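Colleague: Sending over a structure as structure tokens; questions will come in a sec.
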Amino acid sequence: MKKVIFLLVINVLFTSIFFGQDKIVKKVGDIIILDADVKVSGHATGYFTGTVDSSKTWIEGSVKFRVISITDTVVELRALNFDTLTKNQAIVFKRQRKTDKSKYYNDMIFPISKSDFELYSTRVESSDRISFGLLTLPFKARPQNNFSFDTEFNLSTTLNWRLGRINNMSLNIQLGAGIGSVGLNASNASGIDSEENEAQDVAILTFLGGAMIQYKNVQFGFYAGVDQINNQSKYRWESNGNIWFGVGIGYNIFNISVSKTTLENKNK
């Protein structure tokens with residue numbers, strides 16, 4: 001009986017993997033890519049300005065779009081922004097006879113027919129939306145003790161979730177956990193005799209969350225978290241379990257891809 005149940009579960013999993021994609025319902029907010037160039041149904045309009053642009057008559061299959069609205073006959077799509085070219089990059093593009101797609105797609109809404117949308121679109125996930133990194137903070141500020149600062153060792157594994165991108169800048173939220181150490185002495189912990197010089201470093205567990213902004217490859221984050229002494233019943237650390245704040249600056253700590261517009265001018 002157990003063998004039959006096992007085979008049934010395996011069959012359901014394989015069926016879901018191989019045939020479930022055809023039944024995926026695409027909805028407003030999804031990111032899609034078209035399998036072919038598609039004709040614009042009506043006129044493209046500015047996302048912010050509402051300005052009508054009748055010169056935009058086709059959208060390319062290689063471009064990623066976000067679904068803005070769906071009706072019985074028309075679906076509105078907005079391209080994920082292409083990076084804006086610098087003056088030098090624009091010169092290179094012109095010399096190489098390439099097209100600056102940011103001028104065609106950025107901040108525009110393109111209506112296409114519902115039938116073309118169902119026939120040619122595939123739902124995708126942005127490739128760099130989730131990433132991991134190792135984070136160490138140069139200091140922690142603890143508000144309970146007049147914002148005292150700790151500079152001991154700390155290292156956390158951190159999950160990064162990219163919320164969105166504007167040109168070369170991205171906004172991310174992060175959650176992490178790790179290990180570190182803190183120096184205990186008679187001024188910040190009970191159970192330590194200052195006369196016997198019992199000050200020592202003890203291991204701590206750290207849990208943190210925060211927000212990070214990335215511009216090109218430079219990353220700046222603001223974090224808050226708590227520390228717990230690891231397996232210490234002898235000492236009572238005054239900051240145990242209390243909130244702290246910290247900032248971090250790094251260069252490409254989290255592997256968030258940035259479009260290389262001088263070569264490809266892709267949207268993300």
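Ordered as shown in the structure tokens, chains take letters A, B, and onward, while each chain numbers its residues from 1 and ligands are numbered from 1 in the order shown.
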Run DSSP on the backbone of this structure and report the residues of stretch 65-226 of chain A it assigns to alpha helix (DSSP H), as a PyMOL selection string.

Modeller: chain A and resi 87-95+102-105+114-120

Colleague: Go ahead and write the residues just picked, N, CA and C atoms, as a PDB file, in the first residue's frame.

Modeller:
```
ATOM      1  N   LYS A  87      26.283  59.779 -22.208  1.00  0.00           N
ATOM      2  CA  LYS A  87      26.636  60.389 -23.489  1.00  0.00           C
ATOM      3  C   LYS A  87      27.658  59.545 -24.238  1.00  0.00           C
ATOM      4  N   ASN A  88      28.649  59.046 -23.516  1.00  0.00           N
ATOM      5  CA  ASN A  88      29.674  58.220 -24.161  1.00  0.00           C
ATOM      6  C   ASN A  88      29.092  56.906 -24.677  1.00  0.00           C
ATOM      7  N   GLN A  89      28.196  56.302 -23.895  1.00  0.00           N
ATOM      8  CA  GLN A  89      27.560  55.068 -24.330  1.00  0.00           C
ATOM      9  C   GLN A  89      26.679  55.299 -25.556  1.00  0.00           C
ATOM     10  N   ALA A  90      25.982  56.437 -25.586  1.00  0.00           N
ATOM     11  CA  ALA A  90      25.141  56.762 -26.742  1.00  0.00           C
ATOM     12  C   ALA A  90      25.986  56.913 -28.005  1.00  0.00           C
ATOM     13  N   ILE A  91      27.170  57.489 -27.859  1.00  0.00           N
ATOM     14  CA  ILE A  91      28.077  57.633 -29.013  1.00  0.00           C
ATOM     15  C   ILE A  91      28.501  56.262 -29.534  1.00  0.00           C
ATOM     16  N   VAL A  92      28.817  55.348 -28.584  1.00  0.00           N
ATOM     17  CA  VAL A  92      29.220  53.994 -28.977  1.00  0.00           C
ATOM     18  C   VAL A  92      28.068  53.278 -29.672  1.00  0.00           C
ATOM     19  N   PHE A  93      26.859  53.438 -29.130  1.00  0.00           N
ATOM     20  CA  PHE A  93      25.695  52.799 -29.749  1.00  0.00           C
ATOM     21  C   PHE A  93      25.476  53.306 -31.170  1.00  0.00           C
ATOM     22  N   LYS A  94      25.611  54.608 -31.348  1.00  0.00           N
ATOM     23  CA  LYS A  94      25.398  55.192 -32.676  1.00  0.00           C
ATOM     24  C   LYS A  94      26.466  54.699 -33.646  1.00  0.00           C
ATOM     25  N   ARG A  95      27.711  54.590 -33.172  1.00  0.00           N
ATOM     26  CA  ARG A  95      28.801  54.121 -34.014  1.00  0.00           C
ATOM     27  C   ARG A  95      28.572  52.660 -34.413  1.00  0.00           C
ATOM     28  N   SER A 102      15.856  52.292 -24.415  1.00  0.00           N
ATOM     29  CA  SER A 102      15.249  53.048 -23.320  1.00  0.00           C
ATOM     30  C   SER A 102      14.344  54.159 -23.850  1.00  0.00           C
ATOM     31  N   LYS A 103      14.698  54.726 -24.996  1.00  0.00           N
ATOM     32  CA  LYS A 103      13.894  55.803 -25.573  1.00  0.00           C
ATOM     33  C   LYS A 103      12.583  55.293 -26.164  1.00  0.00           C
ATOM     34  N   TYR A 104      12.553  54.027 -26.516  1.00  0.00           N
ATOM     35  CA  TYR A 104      11.345  53.454 -27.113  1.00  0.00           C
ATOM     36  C   TYR A 104      10.408  52.894 -26.040  1.00  0.00           C
ATOM     37  N   TYR A 105      10.987  52.243 -25.026  1.00  0.00           N
ATOM     38  CA  TYR A 105      10.169  51.478 -24.083  1.00  0.00           C
ATOM     39  C   TYR A 105       9.951  52.138 -22.719  1.00  0.00           C
ATOM     40  N   LYS A 114      -5.809  40.600 -26.427  1.00  0.00           N
ATOM     41  CA  LYS A 114      -5.843  39.512 -25.442  1.00  0.00           C
ATOM     42  C   LYS A 114      -5.429  38.193 -26.092  1.00  0.00           C
ATOM     43  N   SER A 115      -5.809  37.998 -27.339  1.00  0.00           N
ATOM     44  CA  SER A 115      -5.459  36.748 -28.018  1.00  0.00           C
ATOM     45  C   SER A 115      -3.956  36.627 -28.232  1.00  0.00           C
ATOM     46  N   ASP A 116      -3.282  37.727 -28.617  1.00  0.00           N
ATOM     47  CA  ASP A 116      -1.825  37.700 -28.769  1.00  0.00           C
ATOM     48  C   ASP A 116      -1.142  37.464 -27.427  1.00  0.00           C
ATOM     49  N   PHE A 117      -1.693  38.073 -26.383  1.00  0.00           N
ATOM     50  CA  PHE A 117      -1.141  37.901 -25.042  1.00  0.00           C
ATOM     51  C   PHE A 117      -1.200  36.433 -24.619  1.00  0.00           C
ATOM     52  N   GLU A 118      -2.340  35.792 -24.820  1.00  0.00           N
ATOM     53  CA  GLU A 118      -2.483  34.396 -24.435  1.00  0.00           C
ATOM     54  C   GLU A 118      -1.611  33.486 -25.288  1.00  0.00           C
ATOM     55  N   LEU A 119      -1.444  33.837 -26.554  1.00  0.00           N
ATOM     56  CA  LEU A 119      -0.723  32.981 -27.492  1.00  0.00           C
ATOM     57  C   LEU A 119       0.793  33.084 -27.343  1.00  0.00           C
ATOM     58  N   TYR A 120       1.299  34.303 -27.122  1.00  0.00           N
ATOM     59  CA  TYR A 120       2.738  34.522 -27.223  1.00  0.00           C
ATOM     60  C   TYR A 120       3.451  34.807 -25.900  1.00  0.00           C
TER      61      TYR A 120
END
```

Colleague: Excluding stretch 174-189 of chain A and any residue of its chain fewer than 4 positions from it, enumerate the residues within 8 Å of it, using only C-alpha atoms, and give them as a PDB file with N, CA and C atoms, in the first residue's frame.

Modeller:
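Written out: part-v6.pdb:
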```
ATOM      1  N   ASP A 150      29.236  49.038  19.712  1.00  0.00           N
ATOM      2  CA  ASP A 150      30.035  47.825  19.770  1.00  0.00           C
ATOM      3  C   ASP A 150      30.743  47.633  18.435  1.00  0.00           C
ATOM      4  N   GLU A 152      32.715  44.643  17.885  1.00  0.00           N
ATOM      5  CA  GLU A 152      33.231  43.287  17.900  1.00  0.00           C
ATOM      6  C   GLU A 152      32.935  42.560  16.590  1.00  0.00           C
ATOM      7  N   PHE A 153      33.530  41.392  16.451  1.00  0.00           N
ATOM      8  CA  PHE A 153      33.366  40.563  15.256  1.00  0.00           C
ATOM      9  C   PHE A 153      31.903  40.156  15.068  1.00  0.00           C
ATOM     10  N   ASN A 154      31.411  40.229  13.818  1.00  0.00           N
ATOM     11  CA  ASN A 154      30.085  39.714  13.487  1.00  0.00           C
ATOM     12  C   ASN A 154      30.039  39.324  12.018  1.00  0.00           C
ATOM     13  N   LEU A 155      29.333  38.252  11.724  1.00  0.00           N
ATOM     14  CA  LEU A 155      29.209  37.768  10.351  1.00  0.00           C
ATOM     15  C   LEU A 155      27.860  37.082  10.198  1.00  0.00           C
ATOM     16  N   SER A 156      27.079  37.514   9.207  1.00  0.00           N
ATOM     17  CA  SER A 156      25.729  36.980   9.020  1.00  0.00           C
ATOM     18  C   SER A 156      25.512  36.554   7.574  1.00  0.00           C
ATOM     19  N   THR A 157      24.789  35.463   7.397  1.00  0.00           N
ATOM     20  CA  THR A 157      24.298  35.068   6.083  1.00  0.00           C
ATOM     21  C   THR A 157      22.972  35.772   5.857  1.00  0.00           C
ATOM     22  N   THR A 158      22.847  36.475   4.746  1.00  0.00           N
ATOM     23  CA  THR A 158      21.712  37.367   4.542  1.00  0.00           C
ATOM     24  C   THR A 158      21.005  37.079   3.229  1.00  0.00           C
ATOM     25  N   LEU A 159      19.668  37.006   3.305  1.00  0.00           N
ATOM     26  CA  LEU A 159      18.822  36.854   2.128  1.00  0.00           C
ATOM     27  C   LEU A 159      18.425  38.233   1.630  1.00  0.00           C
ATOM     28  N   ASN A 160      18.624  38.473   0.339  1.00  0.00           N
ATOM     29  CA  ASN A 160      18.324  39.771  -0.265  1.00  0.00           C
ATOM     30  C   ASN A 160      17.165  39.625  -1.250  1.00  0.00           C
ATOM     31  N   TRP A 161      16.171  40.518  -1.129  1.00  0.00           N
ATOM     32  CA  TRP A 161      15.012  40.526  -2.041  1.00  0.00           C
ATOM     33  C   TRP A 161      14.939  41.891  -2.705  1.00  0.00           C
ATOM     34  N   ASP A 193      33.193  39.932  38.120  1.00  0.00           N
ATOM     35  CA  ASP A 193      33.901  40.638  39.186  1.00  0.00           C
ATOM     36  C   ASP A 193      35.028  41.451  38.561  1.00  0.00           C
ATOM     37  N   SER A 194      34.883  42.798  38.621  1.00  0.00           N
ATOM     38  CA  SER A 194      35.887  43.661  38.011  1.00  0.00           C
ATOM     39  C   SER A 194      37.241  43.532  38.702  1.00  0.00           C
ATOM     40  N   GLU A 198      37.574  39.477  35.245  1.00  0.00           N
ATOM     41  CA  GLU A 198      36.899  38.397  34.547  1.00  0.00           C
ATOM     42  C   GLU A 198      36.355  38.815  33.171  1.00  0.00           C
ATOM     43  N   ALA A 199      36.668  39.993  32.727  1.00  0.00           N
ATOM     44  CA  ALA A 199      36.172  40.434  31.408  1.00  0.00           C
ATOM     45  C   ALA A 199      36.556  39.424  30.334  1.00  0.00           C
ATOM     46  N   GLN A 200      35.617  39.144  29.450  1.00  0.00           N
ATOM     47  CA  GLN A 200      35.878  38.142  28.418  1.00  0.00           C
ATOM     48  C   GLN A 200      34.963  38.342  27.217  1.00  0.00           C
ATOM     49  N   ASP A 201      35.352  37.736  26.094  1.00  0.00           N
ATOM     50  CA  ASP A 201      34.527  37.728  24.891  1.00  0.00           C
ATOM     51  C   ASP A 201      33.686  36.457  24.882  1.00  0.00           C
ATOM     52  N   VAL A 202      32.393  36.606  24.582  1.00  0.00           N
ATOM     53  CA  VAL A 202      31.504  35.450  24.501  1.00  0.00           C
ATOM     54  C   VAL A 202      30.811  35.447  23.145  1.00  0.00           C
ATOM     55  N   ALA A 203      30.386  34.262  22.701  1.00  0.00           N
ATOM     56  CA  ALA A 203      29.721  34.116  21.401  1.00  0.00           C
ATOM     57  C   ALA A 203      28.281  34.596  21.491  1.00  0.00           C
ATOM     58  N   ILE A 204      27.803  35.194  20.410  1.00  0.00           N
ATOM     59  CA  ILE A 204      26.415  35.644  20.329  1.00  0.00           C
ATOM     60  C   ILE A 204      25.794  35.163  19.023  1.00  0.00           C
ATOM     61  N   LEU A 205      24.479  34.986  19.048  1.00  0.00           N
ATOM     62  CA  LEU A 205      23.690  34.737  17.854  1.00  0.00           C
ATOM     63  C   LEU A 205      23.007  36.036  17.460  1.00  0.00           C
ATOM     64  N   THR A 206      23.029  36.357  16.169  1.00  0.00           N
ATOM     65  CA  THR A 206      22.484  37.616  15.678  1.00  0.00           C
ATOM     66  C   THR A 206      21.349  37.363  14.690  1.00  0.00           C
ATOM     67  N   PHE A 207      20.269  38.125  14.833  1.00  0.00           N
ATOM     68  CA  PHE A 207      19.158  38.111  13.878  1.00  0.00           C
ATOM     69  C   PHE A 207      18.927  39.553  13.435  1.00  0.00           C
ATOM     70  N   LEU A 208      18.824  39.780  12.120  1.00  0.00           N
ATOM     71  CA  LEU A 208      18.748  41.151  11.632  1.00  0.00           C
ATOM     72  C   LEU A 208      17.826  41.277  10.428  1.00  0.00           C
ATOM     73  N   GLY A 209      17.407  42.494  10.191  1.00  0.00           N
ATOM     74  CA  GLY A 209      16.654  42.850   8.996  1.00  0.00           C
ATOM     75  C   GLY A 209      17.022  44.265   8.604  1.00  0.00           C
ATOM     76  N   GLY A 210      16.782  44.610   7.348  1.00  0.00           N
ATOM     77  CA  GLY A 210      17.139  45.964   6.930  1.00  0.00           C
ATOM     78  C   GLY A 210      16.806  46.236   5.488  1.00  0.00           C
ATOM     79  N   ALA A 211      17.216  47.397   5.043  1.00  0.00           N
ATOM     80  CA  ALA A 211      17.005  47.838   3.666  1.00  0.00           C
ATOM     81  C   ALA A 211      18.341  48.256   3.078  1.00  0.00           C
ATOM     82  N   MET A 212      18.518  47.981   1.786  1.00  0.00           N
ATOM     83  CA  MET A 212      19.769  48.309   1.126  1.00  0.00           C
ATOM     84  C   MET A 212      19.491  48.969  -0.218  1.00  0.00           C
ATOM     85  N   TYR A 235      26.320  34.741  33.161  1.00  0.00           N
ATOM     86  CA  TYR A 235      26.367  36.192  33.070  1.00  0.00           C
ATOM     87  C   TYR A 235      25.043  36.747  32.549  1.00  0.00           C
ATOM     88  N   ARG A 236      24.689  37.931  33.014  1.00  0.00           N
ATOM     89  CA  ARG A 236      23.484  38.619  32.533  1.00  0.00           C
ATOM     90  C   ARG A 236      23.923  39.882  31.790  1.00  0.00           C
ATOM     91  N   TRP A 237      23.972  39.797  30.479  1.00  0.00           N
ATOM     92  CA  TRP A 237      24.394  40.909  29.627  1.00  0.00           C
ATOM     93  C   TRP A 237      23.232  41.883  29.476  1.00  0.00           C
ATOM     94  N   GLU A 238      23.461  43.172  29.716  1.00  0.00           N
ATOM     95  CA  GLU A 238      22.377  44.149  29.724  1.00  0.00           C
ATOM     96  C   GLU A 238      21.744  44.357  28.354  1.00  0.00           C
ATOM     97  N   SER A 239      22.461  44.036  27.268  1.00  0.00           N
ATOM     98  CA  SER A 239      21.917  44.228  25.917  1.00  0.00           C
ATOM     99  C   SER A 239      21.376  42.941  25.307  1.00  0.00           C
TER     100      SER A 239
END
```

Colleague: Name all residues at most 6 Å from A:Val40 (count only C-alpha atoms; drop same-chain ones fewer than 4 positions away) and give them as a PyMOL selection string.

Modeller: chain A and resi 57-58+111-112

Colleague: Fewer than 4 positions away in the same chain doesn't count, so skip those; otherwise give me all residues within 7 Å of stretch 41-52 of chain A, counting only C-alpha atoms, as a list of chain:residue names.

Modeller: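 Within the cut-off, the hits are A:Lys56, A:Asp107, A:Met108, A:Ile109, A:Phe110, A:Pro111, A:Ile112, A:Ser113.
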
Colleague: Separation of atom CA of A:Phe139 and atom CA of A:Val247, in Å?

Modeller: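 Computing the Euclidean distance for atom CA of A:Phe139 and atom CA of A:Val247 yields 7.5 Å.
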
Colleague: Write out as a PyMOL selection string all residues of stretch 102-205 of chain A that backbone DSSP assigns to strand (DSSP E).

Modeller: chain A and resi 108-113+121-124+130-135+140-142+148-150+154-166+169-184+189-190+200-205

Colleague: Which distance in Å separates atom CA of A:Ala224 and atom CA of A:Gly246, to one decimal?

Modeller: 6.3 Å

Colleague: With only C-alpha atoms as the basis for distance, which of A:Leu135, A:Asp53, A:Asn172, A:Gln144 is at the shortest distance from A:Gly248?

Modeller: A:Leu135

Colleague: Give me, as a VMD selection string, all polymer residues having an atom no more than 7 Å from stretch 59-61 of chain A, counting only C-alpha atoms and skipping those fewer than 3 positions away in the same chain.

Modeller: chain A and resid 33 to 40
